Every structure is written in structure tokens, then in C-alpha cells.
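Peer 1: Pasting a structure here, questions to come.
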Amino acid sequence: MFGLHPERTSAASVTITNGSDWLDTASRPIQANSGNILKVGSTYYWYGEHAVSGKFDSVNVYTSTDLKNWTFSNAILTKDSATELASSKIERPKVIYNASTKQYVLWAHYENGTDYNLGRVAVATSSTPNGNFTYEGSFRPLDYESRDMTVFVDTDGTGYLVTASRKNGGANDTMAIFKMNASYTGVESFVGWQFENAYREAPAVVKKGNRYYLFTSQAAGWYPNQGAYATASSMTGTWSALTPYGNPSAFGSQIHDIATITGDSTTSYMYMGDRWNPLHLGEHKHIWLPLTLNDSNGTASLEWYKEWNIDAVTGTVTPPSLVNHAQGKTAAAISTASGSSASHVNDGNYQTSWAASSNTWPAWWQVDFGAPKTITEIDISWFMYKGSEGYYKYKIEISNDGINYSTLDRTSNTTYGFTTDAVHFTARYVRINMVNAVLWNNPGNWYTPTLHEVKMLGPATPDATNYSRFSSFNYPDRCERLTCTGFAVPRRPGPG
Ligand code: DGJ
């Protein structure tokens with residue numbers, strides 16, 4: 001029968017793949033960091049910054065109808081748009097629409113090209129979402145310092161600026177909220193301070209039902225860190241205390257926005273994060289994850305998915321069907337500090353952790369599935385300490401008898417905070433052998449071996465081939481990114 005199901009206006013469910021390089025429809029790298037997404041009609045506009053050698057080059061916009069295939073549309077603001085942009089920093093650009101003036105308004109963090117001392121916002125306007133924006137200038141809102149920032153348009157049409165400012169002694173010590181003027185081209189009043197002396201950065205605001213969520217990161221330069229959020233029933237507060245979400249490194253990212261995907265059957269929320277490479281900023285990656293908001297009890301939760309699906313027409317999000325086989329299984333470790341527990345590593349809670357009883361390296365943590373399981377992905381949430389973020393040299397060791405182990409060598413790892421390894425094996429025991437940690441800003445490793453969470457994902461049913469005595473990888477050719485030594489390394493003499 002015709003008429004029951006209106007014709008779809010764009011593609012169906014698409015797969016978002018995290019951790020890879022994203023290309024536009026012309027096969028060029030997508031250059032759009034720390035921005036936001038705006039929907040106009042059935043088209044999504046994705047705005048973001050492109051920096052070259054640490055300096056502002058352009059704010060770019062890409063368009064899509066499915067949130068996966070993005071076509072470069074325009075460089076809406078460039079280093080040639082105004083004299084003061086020629087050698088500058090423009091960070092965290094956000095575009096909002098003003099329904100009264102019918103103008104698209106771009107806000108961003110503005111600095112000169114050499115340091116972060118100005119602490120200003122920049123504003124530009126356009127009558128179309130992808131036109132050449134007219135630069136309106138930069139300023140300190142009501143003379144307050146402003147660095148990492150976001151903007152938010154409330155359902156009553158009021159615009160807000162939320163920004164990392166200075167209340168007491170330090171740059172970025174406290175966040176400030178301002179109400180914008182009617183045209184969204186400036187601020188009209190100071191609303192209040194938030195998170196005094198908490199040094200929060202990277203604000204992002206989303207509203208669900210009657211609840212407002214304000215997400216932030218810690219201030220840790222370009223290093224990933226623990227995200228946290230507060231909630232309120234009004235943008236003017238009172239805001240709750242900060243609650244952590246996701247893992248201690250925000251899965252190796254720093255938040256820049258929450259996209260609201262309003263479909264014809266449901267509304268979904270999407271975490272948008274920047275995975276910076278602190279030593280090579282040009283190697284930036286986009287991390288997009290479904291964000292679960294429970295507006296009745298005011299909670300938010302973020303889980304890692306290497307791949308997940310979204311349908312931009314219906315708004316439906318589909319996570320992968322992989323099972324975390326480690327969850328709740330028998331855990332053991334070389335030693336355990338008092339107050340911690342080996343079981344904290346596979347309890348599904350990113351905030352709890354296991355620590356060894358001393359800072360002796362190497363150290364190991366192990367899980368026994370009770371029966372062989374097929375594992376295709378291992379996600380490790382490592383301990384981090386702001387200012388001395390450490391990457392871990394480690395090995396993944398697998399066994400079917402708890403005696404003979406095969407080793408996947410990850411001692412060449414240099415990724416901080418969160419590692420996700422594509423593997424493919426069937427085994428009963430998996431051991432994380434922490435060989436050493438290398439600390440940024442502090443080459444002498446003073447860490448005590450500590451793990452927050454290890455997830456071992458795979459299909460619900462193990463591969464058909466089972467090994468009574470595990471001695472090699474089932475699929476050595478699938479050991480992507482890993483050096484597979486592949487054959488039994490006895491830990492102690494085997495029986496007989
Ligand atoms: C942390 C901020 O969140 C980033 O946007 C950027 O400004 C860096 N600091 C610069 O070090």
C-alpha cells in the first residue's frame with residue numbers, strides 16, 4: 001500500500017569508524033577539527049578548523065545527508081578574511097543560526113599566532129550556511145578572558161557563550177557563562193561563574209527534555225583526559241557538581257561538541273571529539289560516539305565503539321553486537337595494592353581500578369574466561385596522571401591452559417590513555433603484561449602499574465575451530481598492527 005511509509009530522503013544506516021583517517025567524497029582528508037554540526041533542511045553542515053603548522057588556515061564546512069559521506073563545500077573564513085587573521089589561532093569554531101536576523105553566526109576562540117595571552121572570541125556572519133563569512137572582529141566578552149569556548153541557542157532563542165575564563169589567579173581557572181545579544185554577535189550580560197578553580201576546558205552544551213548538560217574536559221594541553229559533565233534545569237543554573245563520564249582519557253579524545261540528530265523516529269545524541277596527536281597536531285583524528293543521555297535522572301554515559309551505525313533519517317543508533325567476554329570473569333594479578341582489586345579491571349566501571357602493590361615493572365593482570373572465547377578487539381583504559389600522561393609498552397599474552405602463552409607484542413605502543421587492538425584469536429586466558437610506561441614531562445617512570453578497564457570483545461559464539469592446547473593464533477594474518485610471535489612461550493614447565 002502506498003502512503004504508509006513516506007519515501008526516504010537520504011541513505012539508510014551508515015557505519016562510523018573511529019580511529020581511522022576520514023576522507024571527504026573527493027578522497028581528501030577532512031580538515032575540520034573542534035567544530036560543530038548544524039542541520040539545515042535535510043542537509044547536515046559540519047564546520048571545523050584547519051590549522052597549518054599551528055596557525056589558522058581556514059574554517060571549513062562540509063555537507064552530508066547521511067553523516068558519513070561528507071562533501072567539501074567552502075572555506076567560510078580564511079587567514080585572508082581579515083588582517084588580524086593572517087597570523088592567528090582560531091580554535092573551536094561553532095556556527096549557530098539566528099532565526100530573527102536570518103544570519104548564520106560563527107564564534108571561535110581567537111589568539112595571535114604565537115601565544116595564548118589575548119584570550120578573545122572572534123565573530124563572523126553570513127546569510128547562508130556555507131557562504132564566505134564576513135569577519136566582525138575579536139574581543140574579550142565584557143572584558144573577561146575567554147579561551148576554550150562553545151555557544152548554545154536555547155529553545156526560547158536566547159544565545160549563550162560558555163567559556164574557559166580567569167576568575168582568580170590562573171588562565172582558564174574557572175568557566176564563565178554569558179548571555180548573547182539578540183543578533184548573537186556579542187554578549188549582553190554575565191550570567192555566572194562555573195567550576196571555580198577546576199581548570200575545565202572544551203565546553204559543549206546539549207539540551208534534552210528540560211535538562212541542560214554541560215560537558216567539559218580537563219586542561220591538559222593537547223593530551224586526552226577524563227571528561228566530566230554537570231546538569232541544570234536552566235542555562236543560568238544552578239549547575240550540579242561535575243560527574244565523570246567515559247574512560248579516563250575520553251577514549252583518547254577531547255570533546256568539542258554534542259550533535260543532536262533529530263530523526264523521524266527518534267532523536268540521538270552524538271559525542272564529537274578531537275583525537276589530537278600532541279607531538280604532531282596535523283595527525284588529528286575524529287572520534288564520534290553515541291552519547292546516552294537520561295534526562296529523567298540527569299545522567300550521561302559514553303561507551304567506546306570502534307564501529308557503530310547511525311541512520312540520519314530515522315535518528316536510530318545501532319551499536320555493534322560484540323560481547324565483552326572479560327566482564328565479571330575471574331581476574332588475577334601479579335600483586336594487588338590494598339584497597340584495589342583485580343576484579344576492578346573487568347567490572348564494566350571505568351572509574352574503578354586495579355593497582356599493583358609496588359611500582360615494580362613488568363607486572364601483569366589476567367582474566368580467565370572459564371572456556372575458550374573468540375576475541376576480535378581488546379580495549380585497554382590505562383591509568384593517566386595529568387601532566388605526566390604515560391603510554392604503556394605492553395604485551396597481550398593468550399593461553400588455553402594457563403601454562404603456555406603466545407605473545408602479541410605491543411611494546412612499540414606510543415598511544416596515551418586508551419588503546420584498541422584489532423586481534424583475532426580463540427583462547428581461555430588473556431594476560432596483559434605491562435612491560436613499562438613512558439611518562440610525558442617525566443621520563444623516570446614512577447607509576448605503579450595500574451589499569452582502569454580492559455574489555456575483550458568478540459562474537460557471542462566462539463569460532464568453530466577450538467584448540468585443546470592453544471599454541472598459535474587462529475588467524476595470524478589478522479593480527480593487524482600487532483607483531484605476532486604466535487607460538488607457545490612456556491611460563492613454567494608443562495605437565496609431562
Ligand atoms: C587545550 C584546549 O582544549 C585546546 O583547544 C587548545 O587550546 C590547547 N589547549 C592548546 O594547548
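Residue names in the C-alpha cells use chain letters A, B, ... in the order shown, residue numbers from 1 in each chain, and ligand numbers from 1 in the order shown.
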Could you build a table of the residues in chain A lying no more than 9 Å from ligand 1, giving for each the nearest pair of atoms and their separation in Å rounded to one decimal place, using only C-alpha atoms and all ligand atoms, ordered by chain and ascending residue number, as CSV?
Peer 2:
residue,atom,partner,partner_atom_place_in_ligand_line,distance
A:Ser34,CA,ligand 1,5 (O),7.6
A:Glu91,CA,ligand 1,5 (O),6.2
A:Arg92,CA,ligand 1,5 (O),6.5
A:His109,CA,ligand 1,7 (O),8.4
A:Tyr116,CA,ligand 1,7 (O),7.9
A:Arg147,CA,ligand 1,7 (O),7.1
A:Asp148,CA,ligand 1,5 (O),5.5
A:Met149,CA,ligand 1,5 (O),8.5
A:Arg200,CA,ligand 1,3 (O),8.6
A:Glu201,CA,ligand 1,3 (O),5.3
A:Ala202,CA,ligand 1,3 (O),5.0
A:Pro203,CA,ligand 1,3 (O),8.8
A:Ser217,CA,ligand 1,3 (O),7.4
A:Gln218,CA,ligand 1,3 (O),8.0
A:Ala219,CA,ligand 1,1 (C),5.9
A:Ala220,CA,ligand 1,1 (C),6.1
A:Gly221,CA,ligand 1,11 (O),4.0
A:Trp222,CA,ligand 1,8 (C),5.3
A:Tyr223,CA,ligand 1,1 (C),8.0
A:Gln254,CA,ligand 1,3 (O),7.3
A:Ile255,CA,ligand 1,3 (O),8.6
A:His256,CA,ligand 1,5 (O),8.5
A:Pro278,CA,ligand 1,11 (O),8.8
Peer 1: Within 12 Å of Thr299 in chain A, counting only C-alpha atoms, which residues qualify if same-chain residues fewer than 2 places away don't, as a PyMOL selection string?
Peer 2: chain A and resi 208+211-215+228-232+240+242-246+291-297+301-302
Peer 1: Would you write out, as a Markdown table, a table of all residues in range 78-97 of chain A that have an atom no more than 12 Å from an atom of range 158-176 of chain A, listing for each the closest atom pair and the distance in Å to one decimal, considering only C-alpha atoms and ordering rows by chain and rising residue number?
Peer 2:
| residue | atom | partner | partner_atom | distance |
| --- | --- | --- | --- | --- |
| A:Arg92 | CA | A:Thr163 | CA | 10.8 |
| A:Lys94 | CA | A:Leu161 | CA | 10.6 |
| A:Val95 | CA | A:Gly159 | CA | 11.7 |
| A:Ile96 | CA | A:Gly159 | CA | 8.9 |
| A:Tyr97 | CA | A:Gly159 | CA | 9.8 |
Peer 1: Extract, using only C-alpha atoms, all DNA, RNA and protein residues at most 10 Å from range 138-142 of chain A, discarding same-chain residues fewer than 3 positions from it, and format them as number ranges by chain.
Peer 2: A: 84-85, 107-111, 118-124, 135, 145-147, 161, 163, 176, 178, 180, 186-190
Peer 1: Excluding Lys55 in chain A and its own-chain neighbours fewer than 6 positions away, which residues fall within 7 Å of it when counting only C-alpha atoms? Please give them as a CSV table (one decimal) with C-alpha atoms, in the first residue's frame.
Peer 2:
chain,number,residue,atom,x,y,z
A,87,SER,CA,48.9,35.1,11.6
A,88,SER,CA,46.5,33.9,14.3
A,89,LYS,CA,44.9,31.0,16.1
A,113,GLY,CA,49.8,33.3,16.1
Peer 1: Between A:Ala32, A:Val423, A:Val61, A:Ile375, which has the minimum distance to Asn324 in chain A (counting only C-alpha atoms)?
Peer 2: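 Among the listed residues, the smallest separation from Asn324 in chain A belongs to A:Ile375.
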Peer 1: Report the residues of range 120-327 of chain A whose backbone DSSP state falls under helix (DSSP H, G or I), written as a short mmCIF file (atom, residue, chain, number, x, y, z; two decimals) with N, CA, C and O atoms, in the first residue's frame.
Peer 2:
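Saved file part_20.cif follows:
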data_model
loop_
_atom_site.label_atom_id
_atom_site.label_comp_id
_atom_site.auth_asym_id
_atom_site.auth_seq_id
_atom_site.Cartn_x
_atom_site.Cartn_y
_atom_site.Cartn_z
N PRO A 141 34.83 39.09 25.94
CA PRO A 141 33.43 39.34 26.32
C PRO A 141 33.35 40.10 27.65
O PRO A 141 33.85 39.61 28.66
N LEU A 142 32.77 41.30 27.58
CA LEU A 142 32.66 42.18 28.76
C LEU A 142 34.00 42.28 29.50
O LEU A 142 34.04 42.37 30.72
N ASP A 143 35.07 42.15 28.72
CA ASP A 143 36.44 42.29 29.24
C ASP A 143 36.96 41.08 30.02
O ASP A 143 38.03 41.15 30.63
N LEU A 281 50.36 17.71 15.59
CA LEU A 281 48.95 18.12 15.58
C LEU A 281 48.26 17.85 14.24
O LEU A 281 47.05 17.66 14.18
N GLY A 282 49.04 17.78 13.17
CA GLY A 282 48.47 17.50 11.85
C GLY A 282 47.90 16.10 11.75
O GLY A 282 47.13 15.79 10.83
N GLU A 283 48.23 15.22 12.70
CA GLU A 283 47.74 13.83 12.63
C GLU A 283 46.43 13.64 13.38
O GLU A 283 46.12 12.56 13.82
#
Peer 1: Report the distance between CA of Pro320 in chain A and CA of Lys395 in chain A in Å, rounded to one decimal place.
Peer 2: 25.9 Å
Peer 1: Identify, on the basis of only C-alpha atoms, every residue whose closest approach to Thr267 in chain A does not exceed 12 Å; exclude the query and any residue fewer than 4 positions from it along the same chain; express the result as a PyMOL selection string.
Peer 2: chain A and resi 207-209+259-263+290-293+310-317
Peer 1: Quick one: of A:Leu67, A:Ala342, A:Ile287, A:Leu77, who's nearest to Ala12 in chain A, counting only C-alpha atoms?
Peer 2: A:Leu67
Peer 1: Could you check how far CA of Tyr104 in chain A sits from CA of Asn130 in chain A, in Å to one decimal?
Peer 2: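 CA of Asn130 in chain A lies 9.0 Å from CA of Tyr104 in chain A.
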Peer 1: Any idea what's packed within 12 Å of Tyr45 in chain A, counting only C-alpha atoms, ignoring anything in its chain fewer than 4 positions away? Could you give it as a ChimeraX atom specification?
Peer 2: /A:32,35-41,60-74,76,94-97,104,128-131,259
Peer 1: Could you tell me how far CA of Tyr392 in chain A lies from CA of Thr415 in chain A, in Å and to one decimal?
Peer 2: 7.7 Å
